[in-house]
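Novice: Enclosed is the structure file target-v3.csv (CSV, C-alpha atoms).
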```csv
chain,number,residue,atom,x,y,z
A,24,MET,CA,0.0,0.0,0.0
A,25,PHE,CA,1.1,3.5,-0.7
A,26,LEU,CA,-0.5,6.5,1.0
A,27,SER,CA,-0.7,9.5,-1.3
A,28,ARG,CA,-2.7,12.7,-1.3
A,29,ALA,CA,-5.6,10.9,-2.9
A,30,ILE,CA,-6.0,8.2,-0.3
A,31,MET,CA,-4.4,9.8,2.7
A,32,GLY,CA,-7.4,9.7,5.1
A,33,ALA,CA,-9.2,12.3,7.1
A,34,THR,CA,-7.3,15.3,8.3
A,35,SER,CA,-7.7,16.9,11.7
A,36,SER,CA,-6.6,20.5,11.3
A,37,ALA,CA,-3.5,19.5,9.3
A,38,THR,CA,-3.2,21.7,6.2
A,39,LEU,CA,-1.8,20.8,2.8
A,40,GLY,CA,0.6,23.3,1.2
A,41,THR,CA,0.1,24.1,-2.5
A,42,THR,CA,2.9,26.4,-3.7
A,43,ALA,CA,6.4,25.4,-2.7
A,44,ALA,CA,8.6,22.5,-4.0
A,45,TYR,CA,8.5,20.8,-0.6
A,46,ASP,CA,4.8,21.2,0.1
A,47,GLY,CA,3.4,18.7,2.5
A,48,TYR,CA,1.0,18.5,5.4
A,49,SER,CA,1.6,21.2,8.1
A,50,PHE,CA,1.1,20.3,11.7
A,51,ASP,CA,1.3,22.8,14.6
A,52,GLY,CA,1.7,20.3,17.4
A,53,SER,CA,-1.8,21.0,18.8
A,54,GLY,CA,-4.5,18.7,17.5
A,55,ASP,CA,-3.2,18.3,13.9
A,56,TYR,CA,-3.0,14.8,12.5
A,57,ILE,CA,-4.1,12.6,9.6
A,58,ASN,CA,-6.2,9.5,10.2
A,59,ALA,CA,-5.8,6.8,7.5
A,60,GLY,CA,-8.1,4.5,9.4
A,61,GLN,CA,-7.9,0.7,9.9
A,62,ASP,CA,-7.6,-0.3,6.2
A,63,ALA,CA,-7.0,-4.1,6.1
A,64,SER,CA,-4.3,-3.5,3.5
A,65,ILE,CA,-2.1,-1.8,6.1
A,66,VAL,CA,-0.4,-4.9,7.6
A,67,LEU,CA,2.3,-4.6,10.2
A,68,THR,CA,2.7,-8.2,11.2
A,69,ASN,CA,5.0,-9.0,8.3
A,70,ASP,CA,7.8,-7.0,6.6
A,71,PHE,CA,7.0,-3.4,5.9
A,72,THR,CA,8.5,0.0,5.2
A,73,TRP,CA,7.4,3.5,6.4
A,74,ALA,CA,9.1,6.4,4.8
A,75,GLY,CA,8.7,10.1,4.0
A,76,TRP,CA,10.1,13.6,4.2
A,77,ILE,CA,9.9,15.4,7.5
A,78,TYR,CA,10.6,19.0,8.5
A,79,PRO,CA,10.3,19.2,12.3
A,80,THR,CA,10.2,22.5,14.0
A,81,ASP,CA,10.5,20.9,17.4
A,82,ASP,CA,12.4,17.8,18.5
A,83,THR,CA,10.9,16.7,21.8
A,84,SER,CA,8.4,13.8,21.1
A,85,GLU,CA,7.1,14.3,17.7
A,86,THR,CA,5.1,11.4,16.2
A,87,ILE,CA,5.8,10.8,12.5
A,88,ILE,CA,3.4,7.9,11.9
A,89,SER,CA,1.8,5.3,14.2
A,90,ARG,CA,-0.6,2.5,14.7
A,91,TYR,CA,-0.8,2.8,18.5
A,92,GLU,CA,-3.6,3.7,20.9
A,93,SER,CA,-2.9,4.3,24.5
A,94,THR,CA,-5.8,2.3,25.8
A,95,GLY,CA,-6.6,-1.4,25.6
A,96,ASN,CA,-4.4,-3.8,23.7
A,97,LYS,CA,-4.2,-1.7,20.6
A,98,ARG,CA,-0.5,-0.9,20.6
A,99,SER,CA,1.4,-1.9,17.5
A,100,LEU,CA,4.1,0.7,16.6
A,101,VAL,CA,4.8,4.4,17.0
A,102,TRP,CA,7.7,6.1,15.2
A,103,GLN,CA,8.8,9.6,16.2
A,104,VAL,CA,11.5,12.1,16.6
A,105,SER,CA,12.3,12.2,20.4
A,106,SER,CA,15.0,14.4,21.9
A,107,GLY,CA,16.5,14.9,18.4
A,108,VAL,CA,16.8,11.2,17.3
A,109,LEU,CA,14.6,8.7,15.6
A,110,THR,CA,12.8,6.5,18.0
A,111,ALA,CA,10.4,3.5,17.6
A,112,VAL,CA,8.2,1.8,20.2
A,113,GLY,CA,6.9,-1.6,19.1
A,114,SER,CA,4.7,-4.2,20.7
A,115,THR,CA,4.5,-7.9,19.9
A,116,ASP,CA,1.2,-8.5,21.7
A,117,GLY,CA,-0.7,-5.2,21.8
A,118,THR,CA,0.6,-4.2,25.3
A,119,PHE,CA,3.4,-1.7,26.0
A,120,GLN,CA,6.7,-3.5,26.6
A,121,VAL,CA,9.7,-1.5,27.8
A,122,GLY,CA,12.1,-4.0,26.0
A,123,ASN,CA,10.6,-2.8,22.6
A,124,VAL,CA,11.6,0.9,22.9
A,125,HIS,CA,14.3,1.5,20.2
A,126,ILE,CA,16.2,4.7,20.6
A,127,SER,CA,18.5,5.3,17.6
A,128,THR,CA,21.5,7.5,17.2
A,129,VAL,CA,20.1,8.7,13.9
A,130,SER,CA,20.0,12.5,14.6
A,131,ILE,CA,17.2,14.7,13.2
A,132,THR,CA,17.8,18.5,12.9
A,133,THR,CA,15.0,20.9,13.3
A,134,ASN,CA,14.1,23.2,10.5
A,135,VAL,CA,15.8,20.9,7.9
A,136,TRP,CA,14.1,18.6,5.4
A,137,THR,CA,15.1,15.0,6.1
A,138,PHE,CA,14.1,11.8,4.3
A,139,VAL,CA,13.5,9.1,7.0
A,140,THR,CA,12.7,5.4,6.7
A,141,LEU,CA,11.6,2.7,9.2
A,142,ARG,CA,11.4,-0.9,8.0
A,143,LEU,CA,10.9,-4.3,9.5
A,144,THR,CA,12.4,-7.4,7.9
A,145,GLY,CA,13.0,-10.8,9.3
A,146,GLY,CA,12.7,-9.8,12.9
A,147,THR,CA,14.9,-6.7,12.6
A,148,LEU,CA,13.7,-3.1,12.7
A,149,TYR,CA,15.8,-0.5,10.8
A,150,MET,CA,15.8,3.3,11.0
A,151,SER,CA,17.7,5.7,8.7
A,152,LYS,CA,17.8,9.2,7.2
A,153,ASN,CA,18.6,10.4,3.7
A,154,ALA,CA,19.0,6.8,2.5
A,155,GLY,CA,22.2,6.5,4.6
A,156,THR,CA,23.4,3.8,6.9
A,157,GLU,CA,20.7,2.0,8.7
A,158,GLU,CA,20.6,1.4,12.5
A,159,SER,CA,19.2,-2.0,13.4
A,160,PHE,CA,17.2,-3.3,16.4
A,161,THR,CA,15.8,-6.7,17.3
A,162,GLN,CA,12.0,-6.6,17.0
A,163,ALA,CA,10.6,-10.2,16.7
A,164,ALA,CA,7.3,-9.1,15.3
A,165,VAL,CA,4.8,-6.2,15.5
A,166,TYR,CA,1.3,-6.7,16.7
A,167,GLY,CA,-1.2,-6.3,13.9
A,168,GLY,CA,-3.6,-4.3,16.1
A,169,THR,CA,-6.8,-2.5,15.4
A,170,ALA,CA,-5.7,1.1,16.1
A,171,ASP,CA,-6.1,3.6,13.2
A,172,LEU,CA,-2.9,4.5,11.3
A,173,LEU,CA,-2.2,8.1,12.2
A,174,ILE,CA,0.3,10.5,10.6
A,175,GLY,CA,1.5,13.2,13.0
A,176,ALA,CA,0.1,11.7,16.2
A,177,HIS,CA,-0.6,8.6,18.2
A,178,GLY,CA,-3.1,7.6,20.9
A,179,ALA,CA,-6.2,8.4,18.9
A,180,GLY,CA,-4.7,11.7,17.9
A,181,ALA,CA,-4.1,12.9,21.4
A,182,SER,CA,-0.5,12.2,22.1
A,183,GLU,CA,2.9,13.5,21.0
A,184,LEU,CA,1.7,15.5,18.0
A,185,PHE,CA,4.1,16.5,15.2
A,186,ASN,CA,5.2,20.1,14.9
A,187,GLY,CA,6.4,20.9,11.4
A,188,THR,CA,5.7,19.4,8.0
A,189,ILE,CA,5.4,15.8,6.7
A,190,GLN,CA,5.6,15.3,2.9
A,191,ASN,CA,4.8,12.1,0.9
A,192,PRO,CA,4.4,9.6,3.7
A,193,PHE,CA,4.8,6.1,2.3
A,194,VAL,CA,3.5,2.9,3.7
A,195,PHE,CA,4.6,-0.3,2.0
A,196,ASN,CA,3.7,-3.9,3.0
A,197,THR,CA,7.2,-5.0,2.1
A,198,SER,CA,10.7,-4.2,3.3
A,199,LEU,CA,12.2,-2.1,0.5
A,200,SER,CA,15.8,-2.6,-0.5
A,201,ALA,CA,18.4,0.2,-0.3
A,202,HIS,CA,18.2,0.8,-4.0
A,203,ILE,CA,14.4,1.3,-4.0
A,204,ARG,CA,14.6,3.5,-0.9
A,205,LEU,CA,17.2,5.6,-2.7
A,206,LEU,CA,14.9,5.9,-5.8
A,207,ILE,CA,12.1,7.2,-3.5
A,208,LEU,CA,14.5,9.7,-2.0
A,209,ILE,CA,15.3,11.3,-5.4
```
What is this file in structure tokens?
Specialist:
Amino acid sequence: MFLSRAIMGATSSATLGTTAAYDGYSFDGSGDYINAGQDASIVLTNDFTWAGWIYPTDDTSETIISRYESTGNKRSLVWQVSSGVLTAVGSTDGTFQVGNVHISTVSITTNVWTFVTLRLTGGTLYMSKNAGTEESFTQAAVYGGTADLLIGAHGAGASELFNGTIQNPFVFNTSLSAHIRLLILI
């Protein structure tokens, strides 16, 4: 599956730019997100790739994309910029597990466009920026879950909202090779 402007989902205050070369969805960190729903084609239990361009204006705990609700056993995965680095929190059974918090050393600079990728393949989670070297973490599996896929937030749109712009978020139900990720970048 590929999320594009045509099938993105319902926006909650996020605005789409229309004039600049790097237009994307703008988020102000206060109630803005995109809800792509619970589409059955968005599968996280197997290999997958999430990617897109981000322009964060804050680097505290800014959610890029998630399928993660804070209540019940609906926790799958949340991917964010936290304290200036890419971070992922994954669950294998729908509950929060501290052992599945992956804090990378992939630094993200505020007010700079950066192409970021998160992918799962064969029990390993990888994070990278600008199609560079990937940092890997053991993640046996990701719970399929029933939470909506959100861009710019998690926890039913109430938690750790993105502040900045997200352009061309991609969701693929396969782990893309380095060559394909590079083609997306350019």
Novice: Tell me which of A:Gly178, A:Gly54, A:Gly168, A:Gly187 sits closest to A:Val66, counting all atoms listed in the file.
Specialist: A:Gly168
Novice: Please determine, counting all atoms listed in the file, which residue among A:Ala170, A:Ala74, A:Leu184, A:Ile65 has the shortest atom-to-atom distance to A:Ser49.
Specialist: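 Among the listed residues, the smallest separation from A:Ser49 belongs to A:Leu184.
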Novice: Give me the residues within 7 Å of A:Trp102 as JSON, numbers by chain, counting all atoms listed in the file and dropping any in the same chain fewer than 3 places off.
Specialist: {"A": [86, 87, 88, 89, 110, 111, 112]}
Novice: Every residue with an atom at most 12 Å from (4.2, -6.1, 25.0) (file coordinates; all atoms listed in the file) is what I'm after, so could you write them as a VMD selection string?
Specialist: chain A and resid 95 to 100 112 to 124 162 to 166 168
Novice: Let me see the file: selected residues, C-alpha atoms, as an mmCIF file, in the frame of the given file.
Specialist:
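Contents of the output file result-v6.cif:
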```cif
data_model
loop_
_atom_site.group_PDB
_atom_site.id
_atom_site.type_symbol
_atom_site.label_atom_id
_atom_site.label_comp_id
_atom_site.auth_asym_id
_atom_site.auth_seq_id
_atom_site.Cartn_x
_atom_site.Cartn_y
_atom_site.Cartn_z
ATOM 1 C CA GLY A 95 -6.600 -1.400 25.600
ATOM 2 C CA ASN A 96 -4.400 -3.800 23.700
ATOM 3 C CA LYS A 97 -4.200 -1.700 20.600
ATOM 4 C CA ARG A 98 -0.500 -0.900 20.600
ATOM 5 C CA SER A 99 1.400 -1.900 17.500
ATOM 6 C CA LEU A 100 4.100 0.700 16.600
ATOM 7 C CA VAL A 112 8.200 1.800 20.200
ATOM 8 C CA GLY A 113 6.900 -1.600 19.100
ATOM 9 C CA SER A 114 4.700 -4.200 20.700
ATOM 10 C CA THR A 115 4.500 -7.900 19.900
ATOM 11 C CA ASP A 116 1.200 -8.500 21.700
ATOM 12 C CA GLY A 117 -0.700 -5.200 21.800
ATOM 13 C CA THR A 118 0.600 -4.200 25.300
ATOM 14 C CA PHE A 119 3.400 -1.700 26.000
ATOM 15 C CA GLN A 120 6.700 -3.500 26.600
ATOM 16 C CA VAL A 121 9.700 -1.500 27.800
ATOM 17 C CA GLY A 122 12.100 -4.000 26.000
ATOM 18 C CA ASN A 123 10.600 -2.800 22.600
ATOM 19 C CA VAL A 124 11.600 0.900 22.900
ATOM 20 C CA GLN A 162 12.000 -6.600 17.000
ATOM 21 C CA ALA A 163 10.600 -10.200 16.700
ATOM 22 C CA ALA A 164 7.300 -9.100 15.300
ATOM 23 C CA VAL A 165 4.800 -6.200 15.500
ATOM 24 C CA TYR A 166 1.300 -6.700 16.700
ATOM 25 C CA GLY A 168 -3.600 -4.300 16.100
#
```
Novice: Closest to A:Thr169 among A:Tyr78, A:Tyr91, A:Trp73, A:Trp136, using only C-alpha atoms?
Specialist: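 Using only C-alpha atoms, the shortest distance to A:Thr169 belongs to A:Tyr91.
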Novice: Could you tell me how far atom CA of A:Gly155 lies from atom CA of A:Asn58, in Å and to one decimal?
Specialist: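 Taking atom CA of A:Gly155 and atom CA of A:Asn58, their separation equals 29.1 Å.
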Novice: What would the list of residues within 12 Å of (7.8, 16.3, 20.3) (file frame) look like as a ChimeraX atom specification, if all atoms listed in the file are what count?
Specialist: /A:50-53,79-87,102-110,131,133,175-177,182-187
Novice: I need the residue nearest A:Arg90 from this list: A:Gly145, A:Asp62, A:Ile77, A:Thr188. Use all atoms listed in the file for the distance.
Specialist: A:Asp62
Novice: Between A:Pro192, A:Gly167, A:Gly47, A:Gly146, which one has atoms that come closest to A:Ser64, using all atoms listed in the file?
Specialist: A:Gly167
Novice: Find the distance between atom CA of A:Lys152 and atom CA of A:Thr137 and write it in Å to one decimal.
Specialist: 6.5 Å
Novice: What is the distance between atom CA of A:Tyr56 and atom CA of A:Phe138, in Å to one decimal?
Specialist: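 Computed distance, atom CA of A:Tyr56 to atom CA of A:Phe138, equals 19.2 Å.
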Novice: Would you mind putting N, CA, C and O atoms back on stretch 83-98 of chain A and writing the result as a PDB file, in the frame of the given file?
Specialist:
```
ATOM      1  N   THR A  83      11.138  17.375  20.485  1.00  0.00           N
ATOM      2  CA  THR A  83      10.900  16.700  21.800  1.00  0.00           C
ATOM      3  C   THR A  83      10.350  15.317  21.552  1.00  0.00           C
ATOM      4  O   THR A  83      11.099  14.360  21.476  1.00  0.00           O
ATOM      5  N   SER A  84       9.062  15.139  21.429  1.00  0.00           N
ATOM      6  CA  SER A  84       8.400  13.800  21.100  1.00  0.00           C
ATOM      7  C   SER A  84       7.428  14.053  20.039  1.00  0.00           C
ATOM      8  O   SER A  84       6.239  14.257  20.296  1.00  0.00           O
ATOM      9  N   GLU A  85       7.886  14.014  18.824  1.00  0.00           N
ATOM     10  CA  GLU A  85       7.100  14.300  17.700  1.00  0.00           C
ATOM     11  C   GLU A  85       6.770  13.064  16.882  1.00  0.00           C
ATOM     12  O   GLU A  85       7.655  12.482  16.265  1.00  0.00           O
ATOM     13  N   THR A  86       5.507  12.600  16.879  1.00  0.00           N
ATOM     14  CA  THR A  86       5.100  11.400  16.200  1.00  0.00           C
ATOM     15  C   THR A  86       5.100  11.602  14.683  1.00  0.00           C
ATOM     16  O   THR A  86       4.426  12.506  14.212  1.00  0.00           O
ATOM     17  N   ILE A  87       5.801  10.753  13.927  1.00  0.00           N
ATOM     18  CA  ILE A  87       5.800  10.800  12.500  1.00  0.00           C
ATOM     19  C   ILE A  87       4.580  10.001  11.974  1.00  0.00           C
ATOM     20  O   ILE A  87       3.741  10.494  11.228  1.00  0.00           O
ATOM     21  N   ILE A  88       4.517   8.738  12.379  1.00  0.00           N
ATOM     22  CA  ILE A  88       3.400   7.900  11.900  1.00  0.00           C
ATOM     23  C   ILE A  88       3.258   6.775  13.018  1.00  0.00           C
ATOM     24  O   ILE A  88       4.218   6.389  13.695  1.00  0.00           O
ATOM     25  N   SER A  89       2.020   6.317  13.188  1.00  0.00           N
ATOM     26  CA  SER A  89       1.800   5.300  14.200  1.00  0.00           C
ATOM     27  C   SER A  89       0.545   4.482  13.961  1.00  0.00           C
ATOM     28  O   SER A  89      -0.350   4.880  13.221  1.00  0.00           O
ATOM     29  N   ARG A  90       0.550   3.353  14.561  1.00  0.00           N
ATOM     30  CA  ARG A  90      -0.600   2.500  14.700  1.00  0.00           C
ATOM     31  C   ARG A  90      -0.567   2.090  16.184  1.00  0.00           C
ATOM     32  O   ARG A  90      -0.029   1.040  16.520  1.00  0.00           O
ATOM     33  N   TYR A  91      -1.055   2.975  17.040  1.00  0.00           N
ATOM     34  CA  TYR A  91      -0.800   2.800  18.500  1.00  0.00           C
ATOM     35  C   TYR A  91      -1.789   3.645  19.265  1.00  0.00           C
ATOM     36  O   TYR A  91      -1.787   4.863  19.199  1.00  0.00           O
ATOM     37  N   GLU A  92      -2.674   2.982  19.984  1.00  0.00           N
ATOM     38  CA  GLU A  92      -3.600   3.700  20.900  1.00  0.00           C
ATOM     39  C   GLU A  92      -3.136   3.413  22.315  1.00  0.00           C
ATOM     40  O   GLU A  92      -2.623   2.344  22.637  1.00  0.00           O
ATOM     41  N   SER A  93      -3.346   4.365  23.161  1.00  0.00           N
ATOM     42  CA  SER A  93      -2.900   4.300  24.500  1.00  0.00           C
ATOM     43  C   SER A  93      -3.746   3.434  25.441  1.00  0.00           C
ATOM     44  O   SER A  93      -3.364   3.120  26.555  1.00  0.00           O
ATOM     45  N   THR A  94      -4.936   3.058  24.990  1.00  0.00           N
ATOM     46  CA  THR A  94      -5.800   2.300  25.800  1.00  0.00           C
ATOM     47  C   THR A  94      -6.039   0.885  25.222  1.00  0.00           C
ATOM     48  O   THR A  94      -5.902   0.695  24.019  1.00  0.00           O
ATOM     49  N   GLY A  95      -6.370  -0.064  26.087  1.00  0.00           N
ATOM     50  CA  GLY A  95      -6.600  -1.400  25.600  1.00  0.00           C
ATOM     51  C   GLY A  95      -5.356  -2.049  25.028  1.00  0.00           C
ATOM     52  O   GLY A  95      -4.248  -1.561  25.204  1.00  0.00           O
ATOM     53  N   ASN A  96      -5.526  -3.139  24.353  1.00  0.00           N
ATOM     54  CA  ASN A  96      -4.400  -3.800  23.700  1.00  0.00           C
ATOM     55  C   ASN A  96      -4.362  -3.485  22.239  1.00  0.00           C
ATOM     56  O   ASN A  96      -4.503  -4.344  21.382  1.00  0.00           O
ATOM     57  N   LYS A  97      -4.190  -2.205  21.938  1.00  0.00           N
ATOM     58  CA  LYS A  97      -4.200  -1.700  20.600  1.00  0.00           C
ATOM     59  C   LYS A  97      -2.839  -1.112  20.186  1.00  0.00           C
ATOM     60  O   LYS A  97      -2.738  -0.282  19.301  1.00  0.00           O
ATOM     61  N   ARG A  98      -1.797  -1.489  20.862  1.00  0.00           N
ATOM     62  CA  ARG A  98      -0.500  -0.900  20.600  1.00  0.00           C
ATOM     63  C   ARG A  98       0.295  -1.747  19.624  1.00  0.00           C
ATOM     64  O   ARG A  98       0.598  -2.891  19.889  1.00  0.00           O
TER      65      ARG A  98
END
```
